[in-house]
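Novice: Below is input16.pdb; it holds PDB, C-alpha atoms, pLDDT in the B column.
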```pdb
ATOM      1  CA  MET A 496       0.000   0.000   0.000  1.00 53.00           C
ATOM      2  CA  ASN A 497       2.882   2.402   0.759  1.00 68.00           C
ATOM      3  CA  GLU A 498       4.304   1.845  -2.724  1.00 70.00           C
ATOM      4  CA  LEU A 499       1.055   3.021  -4.297  1.00 72.00           C
ATOM      5  CA  ASN A 500       1.046   6.057  -2.040  1.00 79.00           C
ATOM      6  CA  PHE A 501       4.664   6.808  -3.007  1.00 77.00           C
ATOM      7  CA  PHE A 502       3.890   6.641  -6.723  1.00 85.00           C
ATOM      8  CA  SER A 503       0.678   8.599  -6.425  1.00 89.00           C
ATOM      9  CA  SER A 504       2.386  11.364  -4.421  1.00 90.00           C
ATOM     10  CA  THR A 505       5.266  11.393  -6.930  1.00 89.00           C
ATOM     11  CA  PHE A 506       2.898  11.747  -9.880  1.00 92.00           C
ATOM     12  CA  GLU A 507       1.044  14.489  -8.031  1.00 93.00           C
ATOM     13  CA  TRP A 508       4.343  16.307  -7.446  1.00 92.00           C
ATOM     14  CA  ILE A 509       5.162  16.017 -11.183  1.00 94.00           C
ATOM     15  CA  LYS A 510       1.721  17.389 -12.117  1.00 96.00           C
ATOM     16  CA  ASN A 511       2.159  20.291  -9.687  1.00 95.00           C
ATOM     17  CA  ASP A 512       5.610  21.015 -11.106  1.00 95.00           C
ATOM     18  CA  TRP A 513       4.138  21.052 -14.633  1.00 97.00           C
ATOM     19  CA  ARG A 514       1.351  23.407 -13.533  1.00 97.00           C
ATOM     20  CA  SER A 515       3.685  25.767 -11.675  1.00 96.00           C
ATOM     21  CA  ASN A 516       6.061  26.467 -14.586  1.00 96.00           C
ATOM     22  CA  ARG A 517       5.543  24.555 -17.825  1.00 97.00           C
ATOM     23  CA  PHE A 518       8.466  26.176 -19.620  1.00 98.00           C
ATOM     24  CA  ARG A 519      10.917  25.214 -16.867  1.00 98.00           C
ATOM     25  CA  PHE A 520       9.457  21.692 -16.763  1.00 97.00           C
ATOM     26  CA  VAL A 521      10.088  21.266 -20.511  1.00 98.00           C
ATOM     27  CA  ILE A 522      13.620  22.711 -20.214  1.00 98.00           C
ATOM     28  CA  GLU A 523      14.439  20.307 -17.376  1.00 97.00           C
ATOM     29  CA  CYS A 524      13.076  17.339 -19.340  1.00 97.00           C
ATOM     30  CA  LEU A 525      15.144  18.386 -22.372  1.00 98.00           C
ATOM     31  CA  ALA A 526      18.266  18.794 -20.196  1.00 98.00           C
ATOM     32  CA  TRP A 527      17.594  15.350 -18.728  1.00 97.00           C
ATOM     33  CA  ALA A 528      17.305  13.854 -22.237  1.00 98.00           C
ATOM     34  CA  ILE A 529      20.582  15.542 -23.204  1.00 98.00           C
ATOM     35  CA  SER A 530      22.284  14.120 -20.110  1.00 97.00           C
ATOM     36  CA  ILE A 531      21.021  10.594 -20.768  1.00 98.00           C
ATOM     37  CA  GLY A 532      21.856  10.853 -24.476  1.00 97.00           C
ATOM     38  CA  CYS A 533      25.413  11.982 -23.756  1.00 97.00           C
ATOM     39  CA  SER A 534      25.881   9.213 -21.177  1.00 96.00           C
ATOM     40  CA  ILE A 535      24.621   6.530 -23.559  1.00 98.00           C
ATOM     41  CA  THR A 536      26.790   7.876 -26.369  1.00 97.00           C
ATOM     42  CA  MET A 537      29.812   7.935 -24.077  1.00 96.00           C
ATOM     43  CA  ALA A 538      29.161   4.396 -22.832  1.00 97.00           C
ATOM     44  CA  THR A 539      28.657   2.938 -26.307  1.00 98.00           C
ATOM     45  CA  THR A 540      31.679   4.623 -27.873  1.00 97.00           C
ATOM     46  CA  VAL A 541      34.384   4.000 -25.269  1.00 96.00           C
ATOM     47  CA  PRO A 542      37.361   3.971 -25.461  1.00 96.00           C
ATOM     48  CA  ASN A 543      37.118   6.692 -28.130  1.00 95.00           C
ATOM     49  CA  PRO A 544      34.015   8.779 -27.436  1.00 95.00           C
ATOM     50  CA  PRO A 545      33.306  11.767 -29.714  1.00 96.00           C
ATOM     51  CA  LEU A 546      34.212  14.335 -27.070  1.00 93.00           C
ATOM     52  CA  LEU A 547      34.319  17.233 -29.495  1.00 94.00           C
ATOM     53  CA  ALA A 548      30.638  16.618 -30.262  1.00 95.00           C
ATOM     54  CA  LEU A 549      29.589  15.621 -26.735  1.00 95.00           C
ATOM     55  CA  TYR A 550      31.217  18.435 -24.760  1.00 94.00           C
ATOM     56  CA  PRO A 551      29.156  21.314 -26.230  1.00 97.00           C
ATOM     57  CA  ILE A 552      25.930  19.313 -25.908  1.00 97.00           C
ATOM     58  CA  TRP A 553      26.747  18.365 -22.310  1.00 96.00           C
ATOM     59  CA  ILE A 554      27.611  22.004 -21.493  1.00 97.00           C
ATOM     60  CA  LEU A 555      24.288  23.121 -22.982  1.00 98.00           C
ATOM     61  CA  GLY A 556      22.414  20.599 -20.820  1.00 97.00           C
ATOM     62  CA  CYS A 557      24.254  21.703 -17.668  1.00 97.00           C
ATOM     63  CA  SER A 558      23.489  25.342 -18.491  1.00 97.00           C
ATOM     64  CA  MET A 559      19.818  24.490 -18.910  1.00 98.00           C
ATOM     65  CA  TYR A 560      19.817  22.744 -15.537  1.00 97.00           C
ATOM     66  CA  ALA A 561      21.567  25.765 -13.980  1.00 97.00           C
ATOM     67  CA  TRP A 562      18.873  28.095 -15.321  1.00 98.00           C
ATOM     68  CA  ALA A 563      16.146  25.809 -13.973  1.00 97.00           C
ATOM     69  CA  ALA A 564      17.856  25.687 -10.567  1.00 97.00           C
ATOM     70  CA  TYR A 565      18.075  29.485 -10.533  1.00 97.00           C
ATOM     71  CA  THR A 566      14.358  29.840 -11.283  1.00 97.00           C
ATOM     72  CA  ARG A 567      13.603  27.345  -8.479  1.00 95.00           C
ATOM     73  CA  LYS A 568      15.848  29.301  -6.101  1.00 96.00           C
ATOM     74  CA  SER A 569      17.838  26.118  -5.463  1.00 96.00           C
ATOM     75  CA  PHE A 570      21.330  27.175  -4.449  1.00 97.00           C
ATOM     76  CA  GLY A 571      22.819  23.676  -4.239  1.00 97.00           C
ATOM     77  CA  MET A 572      21.663  22.678  -7.703  1.00 96.00           C
ATOM     78  CA  LEU A 573      22.662  26.056  -9.160  1.00 97.00           C
ATOM     79  CA  ALA A 574      26.154  25.809  -7.639  1.00 98.00           C
ATOM     80  CA  ASN A 575      26.521  22.238  -8.894  1.00 97.00           C
ATOM     81  CA  TYR A 576      25.519  22.954 -12.486  1.00 97.00           C
ATOM     82  CA  LEU A 577      27.453  26.228 -12.702  1.00 97.00           C
ATOM     83  CA  LEU A 578      30.553  24.359 -11.522  1.00 97.00           C
ATOM     84  CA  LEU A 579      29.967  21.522 -14.010  1.00 96.00           C
ATOM     85  CA  THR A 580      29.421  24.036 -16.814  1.00 97.00           C
ATOM     86  CA  THR A 581      32.660  25.806 -15.890  1.00 97.00           C
ATOM     87  CA  ILE A 582      34.716  22.605 -15.584  1.00 96.00           C
ATOM     88  CA  ASP A 583      33.433  21.213 -18.876  1.00 95.00           C
ATOM     89  CA  THR A 584      33.896  24.505 -20.713  1.00 96.00           C
ATOM     90  CA  ILE A 585      37.519  24.570 -19.553  1.00 96.00           C
ATOM     91  CA  GLY A 586      37.889  20.943 -20.672  1.00 94.00           C
ATOM     92  CA  LEU A 587      36.451  21.778 -24.095  1.00 95.00           C
ATOM     93  CA  PHE A 588      38.823  24.738 -24.528  1.00 96.00           C
ATOM     94  CA  ARG A 589      41.802  22.630 -23.450  1.00 95.00           C
ATOM     95  CA  MET A 590      40.839  19.977 -25.966  1.00 94.00           C
ATOM     96  CA  VAL A 591      40.325  22.430 -28.841  1.00 94.00           C
ATOM     97  CA  PHE A 592      43.284  24.773 -28.225  1.00 92.00           C
TER      98      PHE A 592
END
```
Can you give me the file's structure in the form of structure tokens?

Specialist:
Amino acid sequence: MNELNFFSSTFEWIKNDWRSNRFRFVIECLAWAISIGCSITMATTVPNPPLLALYPIWILGCSMYAWAAYTRKSFGMLANYLLLTTIDTIGLFRMVF
């Protein structure tokens, strides 16, 4: 019975999130898809992943997550995704130049 309650409360939370800010919800879902897509691509192409293609896409996804965290007023998430964006941007520049 608790499992049903967990899922029903989770679905209710998702519906409330959608209602509160649909644009942010879509951006977060897109950023999530980017993250999963990059991870799958990385996992299926090791030991030679296409980093030059993946890095900009990954950075875009992290930036989208950072924006969503900012609009939620979530400091921890914002700090995390700004740091990831910075680290990966530096990595991309080091790889290109």

Novice: Report as a list of chain:residue names the full result of the PyMOL selection byres ((chain A and resi 558-565) around 8) when it is applied to this structure.

Specialist: A:Arg519, A:Ile522, A:Glu523, A:Ala526, A:Ile554, A:Leu555, A:Gly556, A:Cys557, A:Thr566, A:Arg567, A:Lys568, A:Ser569, A:Phe570, A:Met572, A:Leu573, A:Ala574, A:Asn575, A:Tyr576, A:Leu577, A:Thr580

Novice: Quick check, in Å to one decimal: how far apart do atom CA of A:Met590 and atom CA of A:Tyr550 lie?

Specialist: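 Result for atom CA of A:Met590 versus atom CA of A:Tyr550: 9.8 Å, one decimal.
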
Novice: Write out as a ChimeraX atom specification which residues come within 12 Å of stretch 503-510 of chain A when counting all atoms listed in the file, dropping same-chain ones fewer than 5 positions away.

Specialist: /A:496-498,515-517,520-521,523-524

Novice: So how far away is atom CA of A:Ile531 from atom CA of A:Arg514, in Å?

Specialist: 24.6 Å

Novice: Have a look at atom CA of A:Phe588 and atom CA of A:Trp527 and let me know their distance in Å, one decimal.

Specialist: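 So the answer is 23.9 Å.
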
Novice: What lies within 12 Å of A:Val591 using all atoms listed in the file, ignoring chain neighbours under 3 positions off, as a VMD selection string?

Specialist: chain A and resid 546 to 548 550 to 551 584 to 588

Novice: Please, could you write that set of residues out with C-alpha atoms as a compact mmCIF listing (two decimals), keeping the file's coordinate frame?

Specialist:
```
# COMPACT_ATOMS: atom_id res chain seq x y z
CA LEU A 546 34.21 14.34 -27.07
CA LEU A 547 34.32 17.23 -29.50
CA ALA A 548 30.64 16.62 -30.26
CA TYR A 550 31.22 18.43 -24.76
CA PRO A 551 29.16 21.31 -26.23
CA THR A 584 33.90 24.50 -20.71
CA ILE A 585 37.52 24.57 -19.55
CA GLY A 586 37.89 20.94 -20.67
CA LEU A 587 36.45 21.78 -24.10
CA PHE A 588 38.82 24.74 -24.53
```

Novice: Using all atoms listed in the file, which of A:Leu499, A:Pro545, A:Ile582, A:Trp553 sits nearest A:Gly532?

Specialist: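 Smallest distance to A:Gly532 is found for A:Trp553.
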
Novice: Please give the centre and size of the box around stretch 523-542 of chain A (axis-aligned, containing every atom listed in the file, 5 Å added per side), with values in Å to one decimal and written as lines of an AutoDock Vina configuration file.

Specialist:
```
center_x = 25.2
center_y = 11.6
center_z = -22.6
size_x = 34.3
size_y = 27.4
size_z = 20.5
```

Novice: For A:Ile552, work out the shell of residues within 9 Å, counting only C-alpha atoms and skipping chain neighbours fewer than 6 positions away, then give it as a list in words.

Specialist: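 Returned residues: Ile529, Ser530 and Cys533 of chain A.
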